$ cat structure-v2.pdb   # PDB, C-alpha atoms
ATOM      1  CA  MET A 260     284.247   1.732 -11.146
ATOM      2  CA  LEU A 261     286.631   2.888  -8.433
ATOM      3  CA  GLU A 262     285.660   6.521  -8.964
ATOM      4  CA  ASN A 263     281.988   5.646  -8.498
ATOM      5  CA  LYS A 264     282.804   4.096  -5.130
ATOM      6  CA  LYS A 265     284.581   7.295  -4.100
ATOM      7  CA  TYR A 266     281.535   9.385  -4.995
ATOM      8  CA  ILE A 267     279.219   6.996  -3.164
ATOM      9  CA  ALA A 268     281.438   7.126  -0.067
ATOM     10  CA  LEU A 269     281.586  10.931  -0.214
ATOM     11  CA  GLY A 270     277.806  11.103  -0.573
ATOM     12  CA  LEU A 271     277.313   8.811   2.416
ATOM     13  CA  ILE A 272     279.679  10.898   4.514
ATOM     14  CA  LEU A 273     277.781  14.072   3.624
ATOM     15  CA  LEU A 274     274.456  12.381   4.350
ATOM     16  CA  VAL A 275     275.636  11.180   7.759
ATOM     17  CA  GLY A 276     277.031  14.647   8.466
ATOM     18  CA  LEU A 277     273.695  16.288   7.685
ATOM     19  CA  MET A 278     271.847  13.711   9.774
ATOM     20  CA  THR A 279     274.099  14.359  12.748
ATOM     21  CA  LEU A 280     273.508  18.104  12.477
ATOM     22  CA  SER A 281     269.785  17.579  12.876
ATOM     23  CA  CYS A 282     270.345  15.665  16.110
ATOM     24  CA  ALA A 283     273.189  17.769  17.507
ATOM     25  CA  PRO A 284     273.000  19.420  20.926
ATOM     26  CA  GLY A 285     271.623  22.937  20.881
ATOM     27  CA  ASN A 286     268.989  22.514  18.153
ATOM     28  CA  ASP A 287     265.270  23.336  18.463
ATOM     29  CA  ARG A 288     264.275  19.770  19.346
ATOM     30  CA  TRP A 289     265.059  20.320  23.048
ATOM     31  CA  ASN A 290     264.462  24.069  23.150
ATOM     32  CA  GLN A 291     262.296  24.665  26.215
ATOM     33  CA  GLU A 292     260.635  27.730  24.718
ATOM     34  CA  ILE A 293     259.346  25.717  21.739
ATOM     35  CA  ASN A 294     258.927  22.222  23.247
ATOM     36  CA  LEU A 295     258.244  22.798  26.917
ATOM     37  CA  GLY A 296     259.112  19.776  29.044
ATOM     38  CA  HIS A 297     260.796  17.876  26.194
ATOM     39  CA  THR A 298     264.334  17.191  27.475
ATOM     40  CA  ALA A 299     267.190  15.060  26.213
ATOM     41  CA  GLY A 300     267.446  11.677  27.921
ATOM     42  CA  PHE A 301     269.790   8.690  28.056
ATOM     43  CA  TRP A 302     269.670   7.796  24.346
ATOM     44  CA  ALA A 303     270.167  11.391  23.263
ATOM     45  CA  GLY A 304     273.144  11.532  25.619
ATOM     46  CA  ILE A 305     274.689   8.471  23.984
ATOM     47  CA  TRP A 306     274.132   9.994  20.542
ATOM     48  CA  HIS A 307     275.592  13.359  21.567
ATOM     49  CA  GLY A 308     278.635  11.582  23.028
ATOM     50  CA  LEU A 309     279.122   9.605  19.819
ATOM     51  CA  ILE A 310     279.009  12.661  17.554
ATOM     52  CA  ILE A 311     281.069  14.937  19.807
ATOM     53  CA  VAL A 312     283.978  15.155  17.360
ATOM     54  CA  ILE A 313     281.675  16.318  14.565
ATOM     55  CA  THR A 314     279.787  18.737  16.797
ATOM     56  CA  PHE A 315     283.040  20.159  18.150
ATOM     57  CA  ILE A 316     284.257  20.983  14.654
ATOM     58  CA  ILE A 317     280.895  22.502  13.708
ATOM     59  CA  SER A 318     280.695  24.477  16.976
ATOM     60  CA  LEU A 319     283.901  26.252  16.009
ATOM     61  CA  PHE A 320     282.052  27.899  13.109
ATOM     62  CA  THR A 321     278.543  28.434  14.508
ATOM     63  CA  ASN A 322     276.852  29.208  17.821
ATOM     64  CA  GLU A 323     273.757  27.142  17.001
ATOM     65  CA  VAL A 324     275.444  23.789  17.696
ATOM     66  CA  GLY A 325     276.869  22.917  21.093
ATOM     67  CA  LEU A 326     278.815  20.025  22.523
ATOM     68  CA  TYR A 327     276.390  19.263  25.338
ATOM     69  CA  GLU A 328     272.603  19.586  25.528
ATOM     70  CA  ILE A 329     271.686  21.975  28.334
ATOM     71  CA  SER A 330     268.030  20.881  28.451
ATOM     72  CA  ASN A 331     268.596  17.321  29.665
ATOM     73  CA  THR A 332     267.113  14.907  32.196
ATOM     74  CA  GLY A 333     270.133  14.977  34.491
ATOM     75  CA  TRP A 334     272.123  11.915  35.488
ATOM     76  CA  SER A 335     270.661   9.651  32.781
ATOM     77  CA  TYR A 336     271.683  12.076  30.011
ATOM     78  CA  ASN A 337     275.090  12.503  31.623
ATOM     79  CA  LEU A 338     275.571   8.733  31.816
ATOM     80  CA  GLY A 339     274.592   8.292  28.185
ATOM     81  CA  PHE A 340     276.813  11.191  27.148
ATOM     82  CA  LEU A 341     279.808   9.668  28.947
ATOM     83  CA  ILE A 342     279.186   6.240  27.416
ATOM     84  CA  GLY A 343     278.950   7.740  23.937
ATOM     85  CA  LEU A 344     282.029   9.869  24.576
ATOM     86  CA  MET A 345     284.051   6.846  25.696
ATOM     87  CA  ILE A 346     282.976   4.876  22.635
ATOM     88  CA  SER A 347     283.720   7.760  20.271
ATOM     89  CA  VAL A 348     286.936   9.219  21.645
ATOM     90  CA  GLY A 349     288.148   6.100  23.461
ATOM     91  CA  GLY A 350     287.910   4.099  20.246
ATOM     92  CA  LEU A 351     290.143   6.618  18.484
ATOM     93  CA  PHE A 352     292.813   6.348  21.180
ATOM     94  CA  ARG A 353     292.665   2.555  21.159
ATOM     95  CA  GLN A 354     293.167   2.512  17.393
ATOM     96  CA  SER A 355     296.133   4.888  17.610
ATOM     97  CA  ARG A 356     297.701   2.674  20.288
ATOM     98  CA  ARG A 357     297.337  -0.362  18.027
ATOM     99  CA  SER A 358     298.904   1.409  15.077
ATOM    100  CA  HIS A 359     301.715   2.633  17.350
ATOM    101  CA  LYS A 360     302.447  -0.962  18.400
ATOM    102  CA  ILE A 361     302.443  -2.037  14.752
ATOM    103  CA  ARG A 362     304.806   0.808  13.822
ATOM    104  CA  ARG A 363     307.105  -0.074  16.720
ATOM    105  CA  LYS A 364     307.241  -3.708  15.559
ATOM    106  CA  GLU A 365     308.036  -2.543  12.032
ATOM    107  CA  TRP A 366     310.856  -0.320  13.301
ATOM    108  CA  ASP A 367     312.221  -3.176  15.411
ATOM    109  CA  LYS A 368     312.235  -5.395  12.331
ATOM    110  CA  ILE A 369     313.951  -2.697  10.245
ATOM    111  CA  GLY A 370     316.489  -2.137  13.033
ATOM    112  CA  ASN A 371     317.315  -5.849  13.181
ATOM    113  CA  GLU A 372     317.754  -5.991   9.400
ATOM    114  CA  VAL A 373     320.048  -2.950   9.409
ATOM    115  CA  GLU A 374     322.070  -4.384  12.286
ATOM    116  CA  GLU A 375     322.526  -7.676  10.419
ATOM    117  CA  LYS A 376     323.649  -5.862   7.249
ATOM    118  CA  VAL A 377     326.157  -3.757   9.205
ATOM    119  CA  ARG A 378     327.476  -6.870  10.958
ATOM    120  CA  LYS A 379     327.951  -8.651   7.623
ATOM    121  CA  GLY A 380     329.668  -5.583   6.138
ATOM    122  CA  ILE A 381     332.105  -5.296   9.040
ATOM    123  CA  LYS A 382     332.888  -9.004   8.890
ATOM    124  CA  ALA A 383     333.533  -8.794   5.132
ATOM    125  CA  TRP A 384     335.731  -5.730   5.648
ATOM    126  CA  LEU A 385     337.773  -7.510   8.298
ATOM    127  CA  ASP A 386     338.089 -10.621   6.166
ATOM    128  CA  GLU A 387     339.381  -8.533   3.245
ATOM    129  CA  ALA A 388     342.376  -7.279   5.242
ATOM    130  CA  ASP A 389     345.616  -8.552   3.815
ATOM    131  CA  LYS A 390     346.916 -11.727   5.368
ATOM    132  CA  GLU A 391     350.412 -10.290   5.209
ATOM    133  CA  GLU A 392     349.432  -7.404   7.439
ATOM    134  CA  LYS A 393     347.943  -9.837   9.933
ATOM    135  CA  GLU A 394     351.073 -11.977   9.836
ATOM    136  CA  LYS A 395     353.304  -8.906  10.324
ATOM    137  CA  GLU A 396     351.213  -7.819  13.290
ATOM    138  CA  TRP A 397     351.430 -11.272  14.848
ATOM    139  CA  GLU A 398     355.206 -11.371  14.246
ATOM    140  CA  GLU A 399     355.592  -8.021  16.019
ATOM    141  CA  ILE A 400     353.479  -9.248  18.916
ATOM    142  CA  ALA A 401     355.499 -12.481  19.098
ATOM    143  CA  LYS A 402     358.787 -10.527  19.155
ATOM    144  CA  LYS A 403     357.570  -8.281  21.977
ATOM    145  CA  VAL A 404     356.351 -11.260  24.001
ATOM    146  CA  GLU A 405     359.642 -13.082  23.410
ATOM    147  CA  GLU A 406     361.647 -10.033  24.536
ATOM    148  CA  LYS A 407     359.582  -9.698  27.709
ATOM    149  CA  ILE A 408     359.969 -13.388  28.491
ATOM    150  CA  LYS A 409     363.754 -13.189  27.945
ATOM    151  CA  LYS A 410     363.936 -10.120  30.174
ATOM    152  CA  ALA A 411     361.886 -11.760  32.899
ATOM    153  CA  LEU A 412     363.996 -14.949  32.721
ATOM    154  CA  LYS A 413     367.212 -12.930  32.858
ATOM    155  CA  GLU A 414     366.015 -11.054  35.957
ATOM    156  CA  TRP A 415     364.972 -14.330  37.552
ATOM    157  CA  ALA A 416     368.308 -16.006  36.742
ATOM    158  CA  GLU A 417     370.316 -13.078  38.158
ATOM    159  CA  LYS A 418     368.522 -13.280  41.500
ATOM    160  CA  LYS A 419     370.165 -16.579  42.477
TER
END
$ encode --input "structure-v2.pdb" --output "structure tokens"
Amino acid sequence: MLENKKYIALGLILLVGLMTLSCAPGNDRWNQEINLGHTAGFWAGIWHGLIIVITFIISLFTNEVGLYEISNTGWSYNLGFLIGLMISVGGLFRQSRRSHKIRRKEWDKIGNEVEEKVRKGIKAWLDEADKEEKEKEWEEIAKKVEEKIKKALKEWAEKK
């Protein structure tokens, strides 16, 4: 069942690809030698802006398909082309920004988990230290403090 869905999806993608080729900029539909006076307008501009990624890839392999229809009505085609371009390419950038934010949140979560594990490991390591070693260290510190206090008191007592 799942394989059938893959074939259906592949067939739909091929069908859409073939349909976009028939409406791509640079075909005979707006050729002024064949269809004199028939120029691409606002709606064709929107369509050409929407399919610009597909037409760009195809234009790398053939000279018959262009990115922009030369035989157009002027500002209305340009406006439609820009709107379609913003929808097509702008939507891709917006999606990548969303996925980047999601990835950043995931990394922040992973970072916090790692930090917590490291903190717990260090605490366990410190707690495992022998109590005798801690007591010896504190005894040494106490002896040094006591010696300094005795020295300071002796110097103070000798002043008078």
$ closest_residue --input "structure-v2.pdb" --among "A:Asn371, A:Ile346, A:Pro284, A:Glu406" --to "Glu323 (chain A)" --atoms "all atoms listed in the file"
A:Pro284
$ residues_around --input "structure-v2.pdb" --residues "Gly300 (chain A)" --least-positions-apart "4" --cutoff "9 Å" --atoms "all atoms listed in the file" --output "PDB file with C-alpha atoms, in the frame of the given file"
ATOM      1  CA  GLY A 304     273.144  11.532  25.619  1.00  0.00           C
ATOM      2  CA  ILE A 305     274.689   8.471  23.984  1.00  0.00           C
ATOM      3  CA  ASN A 331     268.596  17.321  29.665  1.00  0.00           C
ATOM      4  CA  THR A 332     267.113  14.907  32.196  1.00  0.00           C
ATOM      5  CA  GLY A 333     270.133  14.977  34.491  1.00  0.00           C
ATOM      6  CA  TRP A 334     272.123  11.915  35.488  1.00  0.00           C
ATOM      7  CA  SER A 335     270.661   9.651  32.781  1.00  0.00           C
ATOM      8  CA  TYR A 336     271.683  12.076  30.011  1.00  0.00           C
ATOM      9  CA  ASN A 337     275.090  12.503  31.623  1.00  0.00           C
ATOM     10  CA  GLY A 339     274.592   8.292  28.185  1.00  0.00           C
TER      11      GLY A 339
END
$ closest_residue --input "structure-v2.pdb" --among "A:Ile342, A:Glu328, A:Ile272, A:Ile408" --to "Ile313 (chain A)" --atoms "all atoms listed in the file"
A:Ile272
$ atom_distance --input "structure-v2.pdb" --atom1 "CA of Phe315 (chain A)" --atom2 "CA of Val275 (chain A)"
15.6 Å
$ residues_around --input "structure-v2.pdb" --residues "Ile311 (chain A)" --least-positions-apart "6" --cutoff "12 Å" --atoms "all atoms listed in the file" --output "PyMOL selection string"
chain A and resi 279-280+282-284+303-305+317-318+324-328+340-349
$ atom_distance --input "structure-v2.pdb" --atom1 "CA of Glu394 (chain A)" --atom2 "CA of Lys379 (chain A)"
23.5 Å
$ closest_residue --input "structure-v2.pdb" --among "A:Val373, A:Ile381, A:Leu338, A:Val404" --to "Phe301 (chain A)" --atoms "only C-alpha atoms"
A:Leu338
$ atom_distance --input "structure-v2.pdb" --atom1 "CA of Thr321 (chain A)" --atom2 "CA of Gly270 (chain A)"
23.0 Å
$ axis_aligned_box --input "structure-v2.pdb" --around "region 373-381 of chain A" --padding-each-side "8 Å" --output "AutoDock Vina command-line options"
--center_x 326.1 --center_y -5.8 --center_z 9.2 --size_x 28.1 --size_y 21.7 --size_z 22.1
